[in-house]
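Colleague: Input file: model_26.cif. Contents: mmCIF, C-alpha atoms.
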data_final
loop_
_atom_site.label_atom_id
_atom_site.label_comp_id
_atom_site.auth_asym_id
_atom_site.auth_seq_id
_atom_site.Cartn_x
_atom_site.Cartn_y
_atom_site.Cartn_z
CA MET A 164 0.00 0.00 0.00
CA LYS A 165 1.24 3.51 -0.80
CA ARG A 166 2.16 5.69 2.10
CA PHE A 167 2.52 9.45 2.26
CA TYR A 168 5.18 10.21 4.77
CA ASP A 169 5.81 13.03 7.19
CA ALA A 170 9.53 13.48 7.72
CA TYR A 171 11.12 14.89 10.87
CA ILE A 172 14.72 15.44 11.97
CA ARG A 173 16.39 16.31 15.25
CA PRO A 174 19.91 16.21 16.66
CA GLN A 175 20.90 12.63 17.47
CA MET A 176 19.17 11.37 20.63
CA GLY A 177 18.38 7.78 19.70
CA PHE A 178 15.21 6.02 18.64
CA VAL A 179 11.78 7.35 19.61
CA ASN A 180 10.13 5.14 22.21
CA PHE A 181 6.54 4.86 21.00
CA ALA A 182 5.60 2.83 24.08
CA VAL A 183 5.93 5.87 26.33
CA GLU A 184 2.70 7.60 27.31
CA ASN A 185 2.23 11.21 28.42
CA GLU A 186 5.11 12.45 26.32
CA ASN A 187 5.44 14.39 23.11
CA LEU A 188 6.85 11.78 20.74
CA LEU A 189 8.00 14.55 18.39
CA GLN A 190 9.92 16.41 21.08
CA TYR A 191 12.99 18.19 19.65
CA PHE A 192 12.02 17.14 16.13
CA ASP A 193 11.60 19.64 13.31
CA LYS A 194 9.03 18.81 10.68
CA LEU A 195 10.22 18.87 7.10
CA ASP A 196 7.20 20.31 5.35
CA LEU A 197 7.43 18.90 1.90
CA LEU A 198 6.83 21.04 -1.12
CA LYS A 199 6.30 17.93 -3.16
CA SER A 200 6.51 14.23 -2.51
CA GLY A 201 9.89 12.67 -2.76
CA ALA A 202 11.13 12.02 0.75
CA TYR A 203 12.81 8.65 0.79
CA ILE A 204 14.90 6.29 2.84
CA LYS A 205 16.91 3.61 1.07
CA MET A 206 18.99 0.94 2.72
CA GLU A 207 21.41 -0.88 0.45
CA PRO A 208 23.70 -3.77 1.24
CA GLU A 209 27.42 -3.40 0.56
CA THR A 210 28.58 -6.77 -0.62
CA GLU A 211 31.79 -8.51 -1.55
CA THR A 212 32.33 -11.68 -3.51
CA MET A 213 33.27 -14.73 -1.48
CA GLU A 214 35.28 -17.79 -2.46
CA ASP A 215 32.17 -19.97 -2.41
CA GLY A 216 30.70 -18.12 -5.38
CA THR A 217 28.20 -16.11 -3.35
CA THR A 218 28.34 -12.61 -2.00
CA PHE A 219 28.55 -11.58 1.63
CA CYS A 220 27.09 -8.43 3.11
CA ASN A 221 29.52 -6.80 5.51
CA GLY A 222 27.76 -3.52 5.78
CA MET A 223 24.76 -1.43 4.92
CA LYS A 224 24.35 2.08 3.64
CA ILE A 225 21.31 4.21 4.47
CA GLU A 226 20.42 7.18 2.31
CA PHE A 227 17.82 9.74 3.34
CA GLU A 228 16.50 12.65 1.31
CA SER A 229 13.75 15.03 2.31
CA GLY A 230 12.67 16.17 -1.11
CA VAL A 231 12.52 19.90 -1.69
CA ILE A 232 11.26 21.92 1.27
CA ASN A 233 9.79 25.39 1.08
CA VAL A 234 10.82 27.35 4.17
CA SER A 235 11.04 30.91 5.42
CA ASN A 236 14.42 32.61 5.66
CA ASP A 237 14.41 32.06 9.43
CA MET A 238 13.68 28.38 9.05
CA ALA A 239 16.36 28.07 6.38
CA ILE A 240 18.93 29.42 8.84
CA TRP A 241 17.50 27.07 11.46
CA PHE A 242 17.83 24.06 9.17
CA LEU A 243 21.31 25.08 8.04
CA ASP A 244 22.39 24.41 11.62
CA TYR A 245 21.75 20.75 10.91
CA ASN A 246 24.45 20.70 8.24
CA ASN A 247 27.15 18.15 9.07
CA LYS A 248 25.41 17.14 12.30
CA LEU A 249 24.55 13.62 13.38
CA CYS A 250 20.76 13.44 13.49
CA ASP A 251 17.73 11.23 13.98
CA VAL A 252 15.24 10.89 11.12
CA LEU A 253 11.64 9.85 11.65
CA MET A 254 9.26 9.04 8.80
CA PHE A 255 5.69 7.84 9.09
CA ASP A 256 2.29 8.10 7.47
CA LEU A 257 0.01 9.37 10.23
CA ASN A 258 -3.02 7.69 8.70
CA ASN A 259 -1.30 4.35 8.79
CA LEU A 260 1.22 3.81 11.57
CA ASP A 261 2.02 0.26 10.52
CA MET A 262 5.46 1.20 9.21
CA ILE A 263 7.31 3.85 11.18
CA ILE A 264 10.90 4.30 10.10
CA ASN A 265 13.33 5.63 12.64
CA ILE A 266 17.02 6.17 11.89
CA THR A 267 19.58 7.41 14.35
CA GLY A 268 23.09 8.69 13.79
CA ILE A 269 22.81 9.85 10.19
CA ARG A 270 24.99 12.79 9.15
CA ILE A 271 22.87 15.45 7.50
CA LYS A 272 23.67 17.68 4.56
CA VAL A 273 21.59 20.83 3.98
CA GLU A 274 21.56 22.41 0.53
CA LYS A 275 19.92 25.70 -0.34
CA ILE A 276 18.53 25.42 -3.83
CA ILE A 277 16.94 28.71 -4.74
CA GLU A 278 15.70 31.85 -3.05
CA LYS A 279 12.81 33.97 -4.23
CA GLY A 280 11.21 36.65 -2.11
CA GLU A 281 10.71 35.35 1.40
CA CYS A 282 10.78 31.72 0.38
CA VAL A 283 13.79 29.49 0.30
CA LEU A 284 13.88 26.01 -1.13
CA ILE A 285 16.23 23.63 0.62
CA LYS A 286 17.02 19.96 0.36
CA ILE A 287 18.05 17.92 3.37
CA SER A 288 19.80 14.63 2.79
CA GLY A 289 22.16 12.32 4.58
CA THR A 290 23.93 9.00 4.51
CA THR A 291 25.29 6.61 7.07
CA LYS A 292 27.16 3.34 6.73
CA PHE A 293 27.43 0.63 9.32
CA GLY A 294 28.35 -3.01 9.77
CA THR A 295 25.47 -5.45 9.53
CA GLU A 296 25.77 -6.35 13.20
CA GLY A 297 24.91 -2.77 14.05
CA LEU A 298 21.69 -2.85 12.01
CA ASP A 299 19.38 -2.76 15.04
CA ASN A 300 21.25 0.23 16.44
CA LYS A 301 20.83 2.30 13.29
CA ILE A 302 17.39 1.69 11.86
CA LYS A 303 14.17 0.62 13.47
CA ILE A 304 11.03 -0.17 11.52
CA GLU A 305 8.03 -0.70 13.69
CA GLU A 306 4.27 -0.85 13.80
CA VAL A 307 2.51 1.19 16.44
CA MET A 308 -0.89 -0.06 17.59
CA ALA A 309 -1.47 2.69 20.18
CA SER A 310 -3.98 5.44 19.42
CA LEU A 311 -1.85 8.42 18.49
CA GLY A 312 -2.60 11.75 16.89
CA ILE A 313 -0.84 15.00 16.13
CA ILE A 314 -1.63 18.60 16.96
CA GLU A 315 0.42 21.29 15.31
CA GLY A 316 0.25 24.97 14.54
CA LYS A 317 1.83 28.26 15.55
CA VAL A 318 1.86 30.51 18.56
CA LEU A 319 0.91 34.07 17.55
CA ASP A 320 1.05 37.42 19.30
CA LEU A 321 -1.77 39.99 19.42
CA ASN A 322 -0.92 41.15 15.89
CA GLY A 323 -0.75 37.64 14.47
CA PHE A 324 3.03 37.46 14.32
CA PRO A 325 4.66 34.20 15.40
CA LEU A 326 6.37 33.94 18.76
CA ASN A 327 9.37 31.71 19.01
CA VAL A 328 10.71 31.68 22.55
CA GLY A 329 8.62 29.46 24.78
CA PHE A 330 6.66 26.25 25.02
CA VAL A 331 3.32 24.77 24.12
CA LEU A 332 1.88 22.72 26.97
CA ILE A 333 -0.79 20.04 26.95
CA GLY A 334 -2.70 18.81 30.01
CA ASP A 335 -0.71 19.31 33.19
CA GLY A 336 2.36 20.29 31.19
CA THR A 337 4.04 16.88 30.98
CA ILE A 338 3.39 16.92 27.24
CA SER A 339 5.14 19.91 25.75
CA ASP A 340 7.02 21.22 22.75
CA LEU A 341 9.66 23.90 22.45
CA LEU A 342 8.66 26.47 19.84
CA ASN A 343 10.58 26.52 16.58
CA ILE A 344 12.10 29.69 15.23
CA ASP A 345 9.01 30.26 13.06
CA GLY A 346 6.70 29.90 16.07
CA SER A 347 5.52 26.44 15.07
CA TYR A 348 5.02 23.44 17.32
CA ASN A 349 4.40 19.72 16.70
CA ILE A 350 3.01 17.41 19.33
CA MET A 351 2.28 13.72 18.86
CA CYS A 352 0.68 11.94 21.80
CA SER A 353 -2.10 9.57 22.81
CA ALA A 354 -5.52 10.36 21.42
CA GLY A 355 -7.86 12.05 23.88
CA ASN A 356 -9.28 15.30 25.16
CA TYR A 357 -6.81 17.80 26.50
CA LYS A 358 -6.34 21.44 27.38
CA ILE A 359 -3.62 23.22 25.45
CA THR A 360 -1.94 26.58 25.91
CA ALA A 361 1.34 28.35 25.36
CA ASP A 362 3.84 29.37 28.01
CA ILE A 363 5.85 32.49 27.16
CA LYS A 364 7.20 34.82 29.83
CA GLY A 365 5.23 38.07 30.10
CA ARG A 366 2.42 36.97 27.79
CA THR A 367 -1.00 35.42 28.38
CA PHE A 368 -2.73 32.87 26.19
CA ASP A 369 -6.15 31.30 26.10
CA VAL A 370 -6.47 27.70 27.23
CA TYR A 371 -8.11 25.71 24.44
CA ASP A 372 -10.09 22.49 24.84
CA ILE A 373 -8.97 20.14 22.10
CA GLU A 374 -9.49 16.59 21.00
CA ILE A 375 -6.53 14.76 19.55
CA LYS A 376 -7.99 12.06 17.35
CA ASP A 377 -6.42 8.72 16.59
CA ARG A 378 -4.41 8.81 13.33
CA GLU A 379 -5.51 12.38 12.64
CA ARG A 380 -3.80 15.76 12.49
CA THR A 381 -5.34 18.77 14.23
CA ILE A 382 -4.18 22.25 13.28
CA LEU A 383 -4.47 24.90 15.99
CA ASP A 384 -2.87 28.33 16.22
CA ILE A 385 -2.60 29.56 19.81
CA ARG A 386 -3.15 33.31 20.11
CA GLU A 387 -2.09 35.80 22.75
CA VAL A 388 -4.91 37.50 24.65
CA MET B 447 5.53 -20.55 -22.27
CA LYS B 448 5.29 -17.54 -19.98
CA LYS B 449 5.87 -18.02 -16.27
CA TYR B 450 4.40 -15.93 -13.48
CA PHE B 451 6.23 -16.85 -10.29
CA ASN B 452 3.56 -15.95 -7.75
CA LYS B 453 5.01 -18.22 -5.08
CA VAL B 454 8.58 -18.01 -3.84
CA PHE B 455 9.81 -20.55 -1.32
CA TYR B 456 13.12 -20.70 0.52
CA ARG B 457 14.99 -22.95 2.91
CA THR B 458 18.41 -23.04 4.56
CA ALA B 459 20.93 -24.14 1.92
CA SER B 460 20.86 -27.90 1.55
CA SER B 461 21.56 -30.55 -1.09
CA ILE B 462 20.67 -29.89 -4.70
CA ILE B 463 17.50 -31.65 -5.79
CA THR B 464 15.74 -32.06 -9.11
CA THR B 465 12.32 -33.31 -8.03
CA LEU B 466 9.80 -32.21 -5.42
CA THR B 467 6.41 -33.38 -4.24
CA LYS B 468 3.81 -30.73 -3.68
CA GLY B 469 1.24 -30.65 -0.87
CA GLY B 470 -1.72 -28.41 -0.14
CA SER B 471 -4.13 -27.43 -2.86
CA TYR B 472 -4.40 -24.98 -5.72
CA PRO B 473 -3.26 -22.22 -5.61
CA ASP B 474 -1.65 -22.51 -2.18
CA TRP B 475 0.73 -25.36 -2.90
CA THR B 476 3.18 -26.26 -0.17
CA PHE B 477 6.53 -28.04 -0.22
CA SER B 478 7.80 -29.86 2.83
CA GLY B 479 10.88 -28.16 4.30
CA TRP B 480 10.36 -24.96 2.30
CA THR B 481 8.97 -21.68 3.65
CA LEU B 482 6.78 -19.36 1.61
CA LEU B 483 8.27 -15.88 1.21
CA VAL B 484 6.15 -13.23 2.91
CA GLY B 485 4.68 -10.14 1.21
CA ALA B 486 3.65 -9.95 -2.42
CA GLN B 487 6.25 -10.56 -5.08
CA GLY B 488 6.73 -8.06 -7.87
CA SER B 489 9.22 -8.75 -10.61
CA ILE B 490 11.42 -11.82 -10.27
CA LYS B 491 14.45 -12.47 -12.43
CA THR B 492 16.83 -15.37 -12.51
CA GLY B 493 18.69 -17.45 -15.06
CA ILE B 494 22.14 -18.56 -16.12
CA GLU B 495 24.71 -16.04 -17.26
CA ALA B 496 28.32 -16.31 -18.35
CA ASP B 497 30.82 -15.28 -15.71
CA GLY B 498 34.21 -15.13 -17.38
CA GLU B 499 34.58 -15.34 -21.12
CA GLU B 500 38.08 -16.40 -22.19
CA GLY B 501 39.29 -16.01 -25.74
CA VAL B 502 40.40 -19.38 -27.14
CA ASP B 503 41.12 -20.83 -30.59
CA GLY B 504 43.52 -17.97 -31.03
CA GLY B 505 40.80 -15.59 -30.04
CA ALA B 506 38.38 -16.85 -32.68
CA THR B 507 35.88 -18.10 -30.11
CA THR B 508 35.19 -17.60 -26.44
CA TYR B 509 35.25 -20.20 -23.73
CA ILE B 510 32.97 -19.73 -20.72
CA SER B 511 35.08 -20.45 -17.67
CA GLY B 512 32.38 -19.71 -15.14
CA GLN B 513 28.66 -19.18 -14.83
CA LYS B 514 26.44 -17.38 -12.41
CA ASN B 515 22.83 -17.41 -11.40
CA PRO B 516 21.66 -13.90 -10.60
CA LEU B 517 18.44 -13.83 -8.65
CA GLU B 518 16.41 -10.73 -7.93
CA ILE B 519 13.06 -10.74 -6.16
CA GLU B 520 11.01 -7.63 -5.49
CA VAL B 521 8.82 -7.84 -2.40
CA LYS B 522 5.92 -5.42 -2.04
CA ASN B 523 2.93 -5.04 0.25
CA PHE B 524 4.89 -6.20 3.28
CA SER B 525 4.30 -5.42 6.94
CA THR B 526 6.81 -4.48 9.61
CA ALA B 527 6.74 -8.10 10.79
CA ASP B 528 7.39 -9.26 7.19
CA TYR B 529 10.39 -6.91 6.99
CA ASN B 530 11.83 -8.41 10.16
CA THR B 531 11.18 -11.93 8.86
CA ILE B 532 12.99 -11.17 5.61
CA MET B 533 15.98 -9.59 7.33
CA ALA B 534 16.30 -12.55 9.69
CA ALA B 535 15.86 -15.15 6.96
CA PHE B 536 18.13 -13.73 4.26
CA LEU B 537 20.79 -11.30 5.45
CA ASN B 538 24.05 -13.25 5.09
CA LYS B 539 22.23 -16.58 5.24
CA LYS B 540 22.91 -19.19 2.58
CA VAL B 541 19.59 -20.30 1.18
CA ASP B 542 17.95 -22.32 -1.56
CA VAL B 543 15.18 -20.49 -3.40
CA LEU B 544 12.34 -22.11 -5.33
CA LEU B 545 10.19 -20.19 -7.81
CA VAL B 546 6.78 -21.61 -8.63
CA ASP B 547 3.97 -20.54 -10.94
CA SER B 548 1.01 -21.98 -9.07
CA ASP B 549 -1.05 -22.16 -12.30
CA GLN B 550 1.65 -24.23 -13.99
CA VAL B 551 3.06 -26.24 -11.17
CA THR B 552 4.63 -29.07 -13.15
CA PHE B 553 8.00 -27.36 -13.07
CA GLY B 554 9.68 -24.98 -10.68
CA TYR B 555 12.99 -23.17 -10.90
CA ALA B 556 15.49 -23.26 -8.06
CA VAL B 557 18.78 -21.63 -7.18
CA PHE B 558 20.78 -23.48 -4.54
CA GLY B 559 23.33 -22.18 -2.08
CA THR B 560 22.94 -18.50 -2.78
CA ARG B 561 22.97 -15.44 -0.57
CA LEU B 562 20.34 -12.77 -1.19
CA HIS B 563 20.78 -9.35 0.30
CA PRO B 564 17.77 -7.20 1.14
CA LYS B 565 17.64 -3.62 -0.14
CA LEU B 566 14.90 -1.46 1.36
CA GLU B 567 13.33 1.46 -0.48
CA VAL B 568 10.75 3.64 1.23
CA VAL B 569 9.64 6.58 -0.89
CA SER B 570 6.82 8.92 0.04
CA GLY B 571 3.85 8.42 -2.25
CA GLU B 572 5.07 5.05 -3.47
CA GLU B 573 4.76 1.43 -2.44
CA PRO B 574 7.60 0.43 -0.07
CA LYS B 575 9.80 -2.20 -1.66
CA ILE B 576 12.39 -4.75 -0.59
CA THR B 577 14.63 -6.09 -3.33
CA LEU B 578 16.36 -9.36 -2.55
CA SER B 579 19.30 -9.88 -4.88
CA GLY B 580 22.44 -11.92 -5.14
CA ASP B 581 24.58 -14.03 -7.45
CA ARG B 582 25.59 -17.67 -7.20
CA LYS B 583 28.78 -18.26 -9.16
CA TYR B 584 30.42 -21.55 -10.07
CA GLY B 585 32.81 -23.15 -12.55
CA SER B 586 31.14 -23.80 -15.86
CA GLU B 587 31.89 -27.50 -16.02
CA ILE B 588 30.68 -28.71 -12.63
CA THR B 589 28.25 -31.59 -13.02
CA THR B 590 25.47 -30.66 -10.59
CA LYS B 591 24.69 -27.04 -11.14
CA PRO B 592 23.15 -24.80 -8.51
CA PHE B 593 20.42 -23.76 -10.92
CA GLN B 594 17.87 -26.51 -11.55
CA ILE B 595 14.53 -26.90 -13.24
CA ILE B 596 12.62 -28.91 -10.66
CA THR B 597 10.06 -31.52 -11.67
CA ILE B 598 7.09 -31.22 -9.33
CA SER B 599 4.74 -34.14 -8.81
#
Spit out the file's structure as structure tokens when you get a sec.
Modeller:
Amino acid sequence: MKRFYDAYIRPQMGFVNFAVENENLLQYFDKLDLLKSGAYIKMEPETETMEDGTTFCNGMKIEFESGVINVSNDMAIWFLDYNNKLCDVLMFDLNNLDMIINITGIRIKVEKIIEKGECVLIKISGTTKFGTEGLDNKIKIEEVMASLGIIEGKVLDLNGFPLNVGFVLIGDGTISDLLNIDGSYNIMCSAGNYKITADIKGRTFDVYDIEIKDRERTILDIREV
Amino acid sequence: MKKYFNKVFYRTASSIITTLTKGGSYPDWTFSGWTLLVGAQGSIKTGIEADGEEGVDGGATTYISGQKNPLEIEVKNFSTADYNTIMAAFLNKKVDVLLVDSDQVTFGYAVFGTRLHPKLEVVSGEEPKITLSGDRKYGSEITTKPFQIITIS
């Protein structure tokens, strides 16, 4: 079955533990909003010919590419910080969590393709090689049965401009996300009814009642009052 | 006659055979000691190719010093559990592989003692794919070749 993947990256912290409850599974991840489809992960064996007439696989190579991403200038600078860094990559189709691909320790390359007006197109890619015995430490492909959903959006000030220094909190605050430089947040957690607000020093925000639905994405901008 | 290998079986590498007895019923034939490959198979390619052509007769002709059996199997529509099964069953394991067209089950094609390496491709907007591929090479004049057309009764 075809899948349409969301792709996320973060500095290397290891695999995401989808068994954990009451936690933002996308914590520290940045979403790679895709301009067009094309994100991929490929894992290829590196083989050598053996004396018995067969080939033996000593190592594997993983290639990741995000496709072309349309970002603001601020986000471009943000993503350029990932260049040459060891990162985690997470790819999944929210509607169908039967194949979540999680890679850790992949060195990322960020390329700026073209700039026009306020938009910048960048491409994020990376490769990693490893011995076959380290396979389970590099890539994890898993099916998640738990009811999970995503809420995402931006935190905006009174004039509708994004705020980027602070947190978004869900429930009693155990589920949270640090705001990105463009004021966006991404939270993936167990489906259910929650209260959500933003926490930024010196500013006040409404508390919203939300429902995070299983395998669904909710978009909510949190506004200053 | 065209062949559509809709069933791929494998086992740990063992002795080369030329006949097999089928069990089960159409179209889900079974073969004792062989495991059905999980997922749905896309294109499958195998055969016998020259592996080393030496000029002889003063260069007028070529002598085939070796042969190889390339085998490539595309696996689609697989689950996470299927992926784990394939990695455990094939990565660096020596296996025998049997290709069967369940509509024409009189003959099957088998490659013995080969290693198939899984290549994973996950592309957004496309069907995820695992390609199992590998070569089995051998001297051209050995008597019992690792590629056999199997008579199925």
Colleague: Quick one: residues within 10 Å of range 255-262 of chain A, all atoms listed in the file counted, chain neighbours fewer than 6 positions away excluded, as a VMD selection string?
Modeller: (chain A and resid 164 to 171 303 to 313 351 377 to 380) or (chain B and resid 524 to 527 529 568 570 to 571 574)
Colleague: Near range 332-337 of chain A, counting all atoms listed in the file, which residues have an atom at most 9 Å away, once you skip same-chain residues fewer than 6 positions from it, shown as a list in words?
Modeller: Asn185, Glu186, Asn187, Ile350, Asn356, Tyr357, Lys358, Ile359, Thr360, Ala361 and Asp362 of chain A
Colleague: Just the residues within 9 Å of range 321-328 of chain A, please, counting all atoms listed in the file, with nothing from its chain fewer than 6 positions along; format it as a list in words.
Modeller: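 After dropping sequence-adjacent residues, the list is Leu341, Leu342, Asn343, Ile344, Asp345, Gly346, Ser347, Ile363, Lys364, Arg386, Glu387 and Val388 of chain A.
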Colleague: Next, the residues of the selection above should be written as a PDB file, in the frame of the given file with C-alpha atoms.
Modeller:
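Writing the result to selection-v5.pdb gives the following:
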ATOM      1  CA  LEU A 341       9.660  23.900  22.450  1.00  0.00           C
ATOM      2  CA  LEU A 342       8.660  26.470  19.840  1.00  0.00           C
ATOM      3  CA  ASN A 343      10.580  26.520  16.580  1.00  0.00           C
ATOM      4  CA  ILE A 344      12.100  29.690  15.230  1.00  0.00           C
ATOM      5  CA  ASP A 345       9.010  30.260  13.060  1.00  0.00           C
ATOM      6  CA  GLY A 346       6.700  29.900  16.070  1.00  0.00           C
ATOM      7  CA  SER A 347       5.520  26.440  15.070  1.00  0.00           C
ATOM      8  CA  ILE A 363       5.850  32.490  27.160  1.00  0.00           C
ATOM      9  CA  LYS A 364       7.200  34.820  29.830  1.00  0.00           C
ATOM     10  CA  ARG A 386      -3.150  33.310  20.110  1.00  0.00           C
ATOM     11  CA  GLU A 387      -2.090  35.800  22.750  1.00  0.00           C
ATOM     12  CA  VAL A 388      -4.910  37.500  24.650  1.00  0.00           C
TER      13      VAL A 388
END
Colleague: Pull out every residue that the PyMOL selection byres ((chain B and resi 545) around 7) matches in the shown coordinates and put them as a PyMOL selection string.
Modeller: chain B and resi 451+453-455+543-544+546-547+554-556
Colleague: Find the residue from A:Asp372, A:Asp193, A:Glu209, A:Asp237 that sits nearest to chain B; use all atoms listed in the file when measuring.
Modeller: A:Glu209
Colleague: In terms of the shortest atom-to-atom distance over all atoms listed in the file, which of B:Thr458, B:Asn523, B:Gln513, B:Ser471 is closest to chain A?
Modeller: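 So, comparing all the options, the nearest one is B:Asn523.
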Colleague: Sort by chain and increasing residue number a table of all residues of chain B within 6 Å of chain A, each with its closest pair of atoms and their distance in Å to one decimal, counting only C-alpha atoms, and write it as JSON lines.
Modeller:
{"residue": "B:Asn523", "atom": "CA", "partner": "A:Met164", "partner_atom": "CA", "distance": 5.8}
{"residue": "B:Thr526", "atom": "CA", "partner": "A:Glu305", "partner_atom": "CA", "distance": 5.7}
{"residue": "B:Asn538", "atom": "CA", "partner": "A:Phe219", "partner_atom": "CA", "distance": 5.9}
{"residue": "B:Thr560", "atom": "CA", "partner": "A:Thr217", "partner_atom": "CA", "distance": 5.8}
{"residue": "B:Arg561", "atom": "CA", "partner": "A:Thr217", "partner_atom": "CA", "distance": 6.0}
{"residue": "B:Lys565", "atom": "CA", "partner": "A:Glu207", "partner_atom": "CA", "distance": 4.7}
{"residue": "B:Leu566", "atom": "CA", "partner": "A:Met206", "partner_atom": "CA", "distance": 4.9}
{"residue": "B:Glu567", "atom": "CA", "partner": "A:Lys205", "partner_atom": "CA", "distance": 4.5}
{"residue": "B:Val568", "atom": "CA", "partner": "A:Ile204", "partner_atom": "CA", "distance": 5.2}
{"residue": "B:Val569", "atom": "CA", "partner": "A:Tyr203", "partner_atom": "CA", "distance": 4.1}
{"residue": "B:Ser570", "atom": "CA", "partner": "A:Phe167", "partner_atom": "CA", "distance": 4.9}
{"residue": "B:Gly571", "atom": "CA", "partner": "A:Phe167", "partner_atom": "CA", "distance": 4.8}
{"residue": "B:Glu572", "atom": "CA", "partner": "A:Lys165", "partner_atom": "CA", "distance": 4.9}
{"residue": "B:Glu573", "atom": "CA", "partner": "A:Lys165", "partner_atom": "CA", "distance": 4.4}
{"residue": "B:Asp581", "atom": "CA", "partner": "A:Thr217", "partner_atom": "CA", "distance": 5.9}
{"residue": "B:Arg582", "atom": "CA", "partner": "A:Thr217", "partner_atom": "CA", "distance": 4.9}
{"residue": "B:Lys583", "atom": "CA", "partner": "A:Gly216", "partner_atom": "CA", "distance": 4.2}
{"residue": "B:Tyr584", "atom": "CA", "partner": "A:Gly216", "partner_atom": "CA", "distance": 5.8}
Colleague: Quick one: of B:Gly479, B:Gly585, B:Pro516, B:Gly469, who's nearest to Tyr456 in chain B, counting only C-alpha atoms?
Modeller: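 Smallest distance to Tyr456 in chain B is found for B:Gly479.
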Colleague: Pull C-alpha atoms for range 292-339 of chain A from the block and write them as an mmCIF file, in the first residue's frame.
Modeller:
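That gives us part_7.cif:
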data_model
loop_
_atom_site.group_PDB
_atom_site.id
_atom_site.type_symbol
_atom_site.label_atom_id
_atom_site.label_comp_id
_atom_site.auth_asym_id
_atom_site.auth_seq_id
_atom_site.Cartn_x
_atom_site.Cartn_y
_atom_site.Cartn_z
ATOM 1 C CA LYS A 292 27.161 3.341 6.729
ATOM 2 C CA PHE A 293 27.432 0.634 9.319
ATOM 3 C CA GLY A 294 28.351 -3.015 9.765
ATOM 4 C CA THR A 295 25.471 -5.452 9.530
ATOM 5 C CA GLU A 296 25.772 -6.351 13.201
ATOM 6 C CA GLY A 297 24.906 -2.767 14.055
ATOM 7 C CA LEU A 298 21.690 -2.849 12.014
ATOM 8 C CA ASP A 299 19.379 -2.758 15.039
ATOM 9 C CA ASN A 300 21.248 0.234 16.445
ATOM 10 C CA LYS A 301 20.827 2.305 13.286
ATOM 11 C CA ILE A 302 17.387 1.692 11.857
ATOM 12 C CA LYS A 303 14.165 0.622 13.475
ATOM 13 C CA ILE A 304 11.033 -0.173 11.515
ATOM 14 C CA GLU A 305 8.034 -0.702 13.694
ATOM 15 C CA GLU A 306 4.272 -0.855 13.800
ATOM 16 C CA VAL A 307 2.505 1.190 16.440
ATOM 17 C CA MET A 308 -0.886 -0.059 17.594
ATOM 18 C CA ALA A 309 -1.474 2.691 20.177
ATOM 19 C CA SER A 310 -3.983 5.444 19.419
ATOM 20 C CA LEU A 311 -1.849 8.420 18.487
ATOM 21 C CA GLY A 312 -2.601 11.752 16.891
ATOM 22 C CA ILE A 313 -0.841 14.998 16.127
ATOM 23 C CA ILE A 314 -1.625 18.595 16.963
ATOM 24 C CA GLU A 315 0.422 21.287 15.306
ATOM 25 C CA GLY A 316 0.254 24.972 14.537
ATOM 26 C CA LYS A 317 1.828 28.260 15.547
ATOM 27 C CA VAL A 318 1.861 30.505 18.563
ATOM 28 C CA LEU A 319 0.910 34.069 17.550
ATOM 29 C CA ASP A 320 1.045 37.419 19.302
ATOM 30 C CA LEU A 321 -1.768 39.990 19.420
ATOM 31 C CA ASN A 322 -0.923 41.150 15.894
ATOM 32 C CA GLY A 323 -0.754 37.642 14.473
ATOM 33 C CA PHE A 324 3.029 37.456 14.320
ATOM 34 C CA PRO A 325 4.658 34.197 15.397
ATOM 35 C CA LEU A 326 6.369 33.944 18.765
ATOM 36 C CA ASN A 327 9.371 31.708 19.009
ATOM 37 C CA VAL A 328 10.713 31.681 22.554
ATOM 38 C CA GLY A 329 8.624 29.458 24.781
ATOM 39 C CA PHE A 330 6.659 26.252 25.015
ATOM 40 C CA VAL A 331 3.316 24.769 24.121
ATOM 41 C CA LEU A 332 1.875 22.724 26.966
ATOM 42 C CA ILE A 333 -0.786 20.038 26.949
ATOM 43 C CA GLY A 334 -2.697 18.815 30.008
ATOM 44 C CA ASP A 335 -0.706 19.310 33.195
ATOM 45 C CA GLY A 336 2.357 20.290 31.192
ATOM 46 C CA THR A 337 4.041 16.878 30.979
ATOM 47 C CA ILE A 338 3.389 16.917 27.241
ATOM 48 C CA SER A 339 5.137 19.906 25.754
#
